[in-house]
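J.: One structure is given below, represented as structure tokens, and several questions about it will come after.
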Amino acid sequence: MTIPNITRRQALTGAAAAMASISLPARALAAVSAATTPAAALLDTLAWGLLERGPTGATALGVDTGAHAALRGKLDDRSPAGVAATKAFLTDALGKLDNVERTGLDAGTLTSLAVTQSAFRTALDGMALPYGDVAIGGWRNTPYVVVQNVGGWLDVPQALDGDQPVRDAADAEYYLERLAATPALLDGETVRIRLAREGGLVPPDFLLDKTISGLTRAIAEAARADGPLVGPLVRKAAALPGLDAATLSGRASRIVADGVIPALQRQLDEIRLQRAVATSAAGMASRPHGAEWYAWGLRASTTTRRTPDEIHAIGRAQVAELQARMDTILRSLGLTQGSVAERMKALQARPDMTFGTDDAARAKIVAYMEGKLTAMRAKLPQAFRKLVRGNLEIRRMPLAEEPGAPAAYGGPGSIDGRIPGKIWVNLGDPSIHNRVSIPDLVFHEGIPGHVWQGEYAQALPLIRSMLAFNAYSEGWALYAEQLADELGMYDDDPAGRLGYLMGLSWRAARLVVDTGIHALGWTRDQALGEFVAATGLARSNAVSEVERYCSWPGQACGYKLGQIEINVQRDRAKAALGSRFDLRDYNQAVVDGGNVPLDVLAQNVERYIGANRR
């Protein structure tokens with residue numbers, strides 16, 4: 001079980017959160033006062049019910065204040081009992097949603113009710129499977145509760161470092177409470193992965209090898225005063241007068257030594273037992289209930305009923321089309337020998353495209369990312385009627401996370417702006433970043449991608465912003481890359497445009513590789529060969545990508561299918577409106593409509609068309 005990934009989809013609270021809304025922006029206050037109907041009150045109650053089950057989400061939102069302040073010191077219950085309690089909550093919630101009076105409700109509230117029902121039903125379908133972690137209205141669905149890129153061993157350090165506030169003595173105590181709750185979270189996961197192993201499910205051996213390496217490193221670093229658990233508290237407390245950072249460090253170190261490290265060791269011991277019986281089979285097809293799990297994973301991640309064969313064929317066609325476009329640009333740069341992928345690798349390796357591999361290179365990478373974001377901000381009035389702040393910072397991922405993580409990921413910050421949105425960038429191996437690939441990356445993760453879209457979501461009721469749909473979220477982020485091209489960001493940067501097309505082909509190749517791994521029985525090496533041939537990405541980058549598809553079956557398919565649908569709807573609006581069509585209005589309708597399944601996106605666009613025909 002995973003409560004919604006709030007760090008990507010921040011939100012605005014309803015009437016029940018009025019006590020916590022003093023510092024919210026004006027539009028947030030307006031939304032709070034608008035939650036007056038029984039339907040709106042129910043949606044708000046359900047949102048807070050989810051936050052009780054995922055307290056770090058409340059911290060990321062900045063709403064764990066006032067009557068909800070105690071959430072700041074809690075973690076979610078990842079034990080079998082915790083999963084059972086969440087299933088009961090969702091079942092009860094669906095009964096209430098089915099019975100709520102809809103007569104006279106506005107379109108926005110009706111959509112919120114439908115979206116919530118869809119997310120809860122999909123989550124319950126996933127929880128009916130015999131194993132796995134289900135994201136309730138989120139993107140990270142996985143059959144493996146703990147693996148190289150999944151689990152509390154990664155989630156807790158990142159929450160403490162990135163979102164956990166330490167502004168006074170009370171905050172310091174909440175930090176220590178959350179740290180003290182970590183062993184129970186870890187042990188709950190360990191019980192579930194042991195039960196999965198006893199039922200015949202273990203991850204592939206190559207994922208377990210990285211998990212063992214990562215957990216071993218996490219244990220070694222955990223007790224250090226500058227480590228990922230104690231260090232954030234010491235650093236944050238040291239900046240405040242009146243807090244004794246040394247005393248807090250000692251207390252935190254004892255909690256880690258007495259509770260967290262033993263729990264991490266118990267988890268590592270179980271992972272080693274799994275490794276002893278693991279095979280190199282990469283996909284779900286070889287695992288018990290694997291076909292059933294993958295069918296659900298695809299449905300949850302794409303919000304469609306497309307079959308693996310359909311998705312595979314779409315990916316093949318898209319890769320061919322994109323490589324033809326890339327070939328034309330490569331030839332214009334004098335790169336004519338070899339496959340598109342080989343030429344792209346050669347381009348990215350050129351000295352004028354790379355940054356180096358030392359700490360100075362890491363600083364240059366971040367500076368280059370920031371420069372691209374600054375240039376993009378000036379273009380945004382051409383694409384949107386209403387501009388949000390785009391409040392973000394670029395941060396390096398926690399070191400233990402980097403070996404199993406993608407090149408970057410991002411999302412918006414808290415609703416009051418005190419916690420900025422973030423692009424978490426993987427700087428473990430700086431060579432995976434270059435001037436070809438970085439522009440596309442920052443537009444996807446930051447502006448006008450995840451951070452930008454997430455801030456529009458903050459103007460919606462809390463439940464709508466929390467319940468995110470992978471195909472919309474990632475489809476929008478790919479569409480944001482497309483907007484960057486349409487807005488002229490690559491007019492004088494052919495290498496950057498190649499990076500953008502490479503990124504699109506990368507996402508198209510995901511359709512091919514994800515279905516290949518999980519439905520067609522591909523090996524890891526076969527998947528890597530297909531992926532590198534289709535994209536030209538460095539193998540070191542491709543490895544983490546392909547292994548991510550192994551641990552999150554279906555998730556990678558949401559990107560391209562979502563972008564395709566956003567463009568289908570745009571073309572429909574252009575045809576219907578003719579000269580009345582304005583890109584700014586269309587984009588505004590898509591972001592203002594919120595994070596929705598793709599069929600609801602079509603309904604929102606239909607309303608936009610109807611309103612603009614007049």
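Just so we're on the same page: first chain in the structure tokens is A, next is B, and so on; residues restart at 1 for each chain, and ligands are numbered from 1 in the order they show up.
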Enumerate the residues of stretch 335-539 of chain A with a DSSP assignment of strand (DSSP E), computed from the backbone, and present them as a ChimeraX atom specification.
T.: /A:392-396,408-411,421-425
J.: Please identify all polymer residues within 7 Å of A:Ala509, counting only C-alpha atoms, omitting same-chain residues fewer than 4 positions from it, and present them as a PDB file with C-alpha atoms, in the first residue's frame.
T.:
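Once written, selection39.pdb looks like this:
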ATOM      1  CA  GLY A 315       5.641   2.045 -29.368  1.00  0.00           C
ATOM      2  CA  VAL A 319      10.067   4.985 -32.382  1.00  0.00           C
ATOM      3  CA  SER A 505      11.757   8.140 -28.541  1.00  0.00           C
ATOM      4  CA  VAL A 513      10.376  -2.521 -23.583  1.00  0.00           C
ATOM      5  CA  PHE A 531      16.280   0.355 -25.401  1.00  0.00           C
ATOM      6  CA  ALA A 534      15.993   2.930 -29.905  1.00  0.00           C
TER       7      ALA A 534
END
J.: Please identify all polymer residues within 9 Å of A:Glu474, counting only C-alpha atoms, omitting same-chain residues fewer than 4 positions from it, and present them as a list in words.
T.: His444, Gly449, His450, Phe469, Asn470, Leu478, Tyr479, Gly558, Tyr559, Lys560, Gly562 and Gln563 of chain A
J.: Identify, on the basis of only C-alpha atoms, every residue whose closest approach to A:Leu240 does not exceed 12 Å; exclude the query and any residue fewer than 3 positions from it along the same chain; express the result as a list in words.
T.: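 The contact residues come out as Pro165, Val166, Arg167, Asp168, Ala169, Asp171, Ala172, Leu233, Val234, Arg235, Lys236, Ala237, Leu243, Asp244 and Ala245 of chain A.
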J.: List the spatial neighbours of A:His312 as a list in words - criterion: any atom at most 7 Å away, only C-alpha atoms, same-chain residues fewer than 2 positions off excluded.
T.: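 Everything that qualifies: Pro308, Asp309, Glu310, Ile314, Gly315, Arg316, Leu511, Val512 and Thr515 of chain A.
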J.: Next, write the just-selected residues to a file, as a short mmCIF file (atom, residue, chain, number, x, y, z; two decimals), in the first residue's frame, keeping N, CA and C atoms as the atom set.
T.:
data_model
loop_
_atom_site.label_atom_id
_atom_site.label_comp_id
_atom_site.auth_asym_id
_atom_site.auth_seq_id
_atom_site.Cartn_x
_atom_site.Cartn_y
_atom_site.Cartn_z
N PRO A 308 -1.31 -5.39 -23.97
CA PRO A 308 0.14 -5.28 -24.20
C PRO A 308 0.51 -5.29 -25.68
N ASP A 309 -0.17 -6.10 -26.49
CA ASP A 309 0.14 -6.13 -27.92
C ASP A 309 -0.14 -4.79 -28.59
N GLU A 310 -1.26 -4.15 -28.25
CA GLU A 310 -1.58 -2.83 -28.81
C GLU A 310 -0.53 -1.81 -28.41
N ILE A 314 2.10 0.38 -30.84
CA ILE A 314 2.15 1.85 -30.83
C ILE A 314 3.58 2.31 -30.59
N GLY A 315 4.26 1.67 -29.66
CA GLY A 315 5.64 2.04 -29.37
C GLY A 315 6.56 1.84 -30.56
N ARG A 316 6.43 0.73 -31.24
CA ARG A 316 7.27 0.48 -32.41
C ARG A 316 7.07 1.57 -33.47
N LEU A 511 7.18 1.87 -24.20
CA LEU A 511 6.02 1.05 -24.55
C LEU A 511 6.47 -0.31 -25.06
N VAL A 512 7.53 -0.30 -25.85
CA VAL A 512 8.07 -1.53 -26.43
C VAL A 512 8.71 -2.39 -25.34
N THR A 515 6.32 -3.71 -22.21
CA THR A 515 5.50 -4.85 -22.64
C THR A 515 6.38 -6.04 -23.01
#
J.: If we count only C-alpha atoms and set the cut-off at 12 Å, which residues sit around A:Gln482, ignoring sequence neighbours fewer than 4 positions away in its own chain? Please answer as an MDAnalysis selection string.
T.: chainID A and resid 383 439:441 443:444 447:449 475:478 486:490 497 499:501 503:504 560 563:564 566:567
J.: Could those selected residues go to a file with C-alpha atoms, as a tab-separated table (two decimals), in the first residue's frame?
T.:
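Contents of again_5.tsv, freshly written:
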chain	number	residue	atom	x	y	z
A	383	ALA	CA	1.13	29.15	-23.63
A	439	PRO	CA	16.83	20.83	-21.54
A	440	ASP	CA	14.24	18.12	-22.14
A	441	LEU	CA	14.77	16.86	-18.58
A	443	PHE	CA	11.10	21.05	-18.96
A	444	HIS	CA	9.59	17.66	-18.10
A	447	ILE	CA	8.55	24.06	-15.91
A	448	PRO	CA	6.15	23.68	-17.68
A	449	GLY	CA	6.08	20.04	-16.54
A	475	GLY	CA	1.43	12.68	-20.41
A	476	TRP	CA	1.32	16.34	-19.41
A	477	ALA	CA	5.06	16.34	-18.67
A	478	LEU	CA	5.78	14.98	-22.17
A	486	GLU	CA	6.69	24.84	-30.01
A	487	LEU	CA	7.62	27.92	-27.99
A	488	GLY	CA	11.00	28.13	-29.70
A	489	MET	CA	13.32	26.83	-26.99
A	490	TYR	CA	15.29	24.83	-29.56
A	497	ARG	CA	16.04	19.54	-30.15
A	499	GLY	CA	17.64	15.65	-26.99
A	500	TYR	CA	13.92	16.42	-26.99
A	501	LEU	CA	13.28	13.94	-29.83
A	503	GLY	CA	13.43	11.88	-24.97
A	504	LEU	CA	10.25	11.21	-26.91
A	560	LYS	CA	3.50	8.37	-24.31
A	563	GLN	CA	0.83	12.67	-24.43
A	564	ILE	CA	-0.81	11.08	-27.46
A	566	ILE	CA	-3.59	15.24	-24.99
A	567	ASN	CA	-2.66	15.87	-28.62
J.: Skipping near chain neighbours, those fewer than 6 positions away, what residues fall within 8 Å of A:Glu189 using only C-alpha atoms, listed as a PyMOL selection string?
T.: chain A and resi 78-79+145-146+151-152
J.: Taking C-alpha atoms for each residue, export the selection above as a PDB file, in the first residue's frame.
T.:
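This is the output file result_19.pdb:
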ATOM      1  CA  ARG A  78       2.963  -0.529   5.951  1.00  0.00           C
ATOM      2  CA  SER A  79       2.201  -3.763   7.777  1.00  0.00           C
ATOM      3  CA  VAL A 145       7.289  -3.737  -1.477  1.00  0.00           C
ATOM      4  CA  VAL A 146      11.053  -3.329  -0.987  1.00  0.00           C
ATOM      5  CA  GLY A 151      10.672   1.142   0.291  1.00  0.00           C
ATOM      6  CA  GLY A 152      10.917   3.080   3.505  1.00  0.00           C
TER       7      GLY A 152
END
J.: Using DSSP on the backbone coordinates, identify the residues of stretch 494-602 of chain A assigned to helix (DSSP H, G or I); present them as a ChimeraX atom specification.
T.: /A:494-518,524-535,539-551,555-580,583-592,598-602
J.: Between A:Val147, A:Leu71, A:Leu577, A:Val605, which is the closest to A:Arg53 once you count only C-alpha atoms?
T.: A:Leu71
J.: Check the smallest atom-to-atom distance from each of A:Met127, A:Met502, A:Ile394, A:Ala60 to A:Ala320 using only C-alpha atoms, then report the winner.
T.: A:Met502
J.: With distances taken over only C-alpha atoms, which residue among A:Leu124, A:Leu176, A:Leu185, A:Ile212 lies nearest A:Ser253?
T.: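 Checking each candidate against A:Ser253, we get A:Leu176 as the closest.
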J.: Of the residues A:Ala225, A:Arg287, A:Ala468, A:Val591, which is the one nearest to A:Leu387, using only C-alpha atoms?
T.: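 Residue with the minimum atom-to-atom distance to A:Leu387: A:Val591.
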J.: Have a look at A:Ala405, A:Met344, A:Leu598, A:Ile423 and name the one nearest to A:Ala538; count only C-alpha atoms.
T.: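 Counting only C-alpha atoms, the residue closest to A:Ala538 is A:Met344.
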J.: One decimal, in Å: what's the spacing between atom CA of A:Leu498 and atom CA of A:Ala471?
T.: 24.0 Å
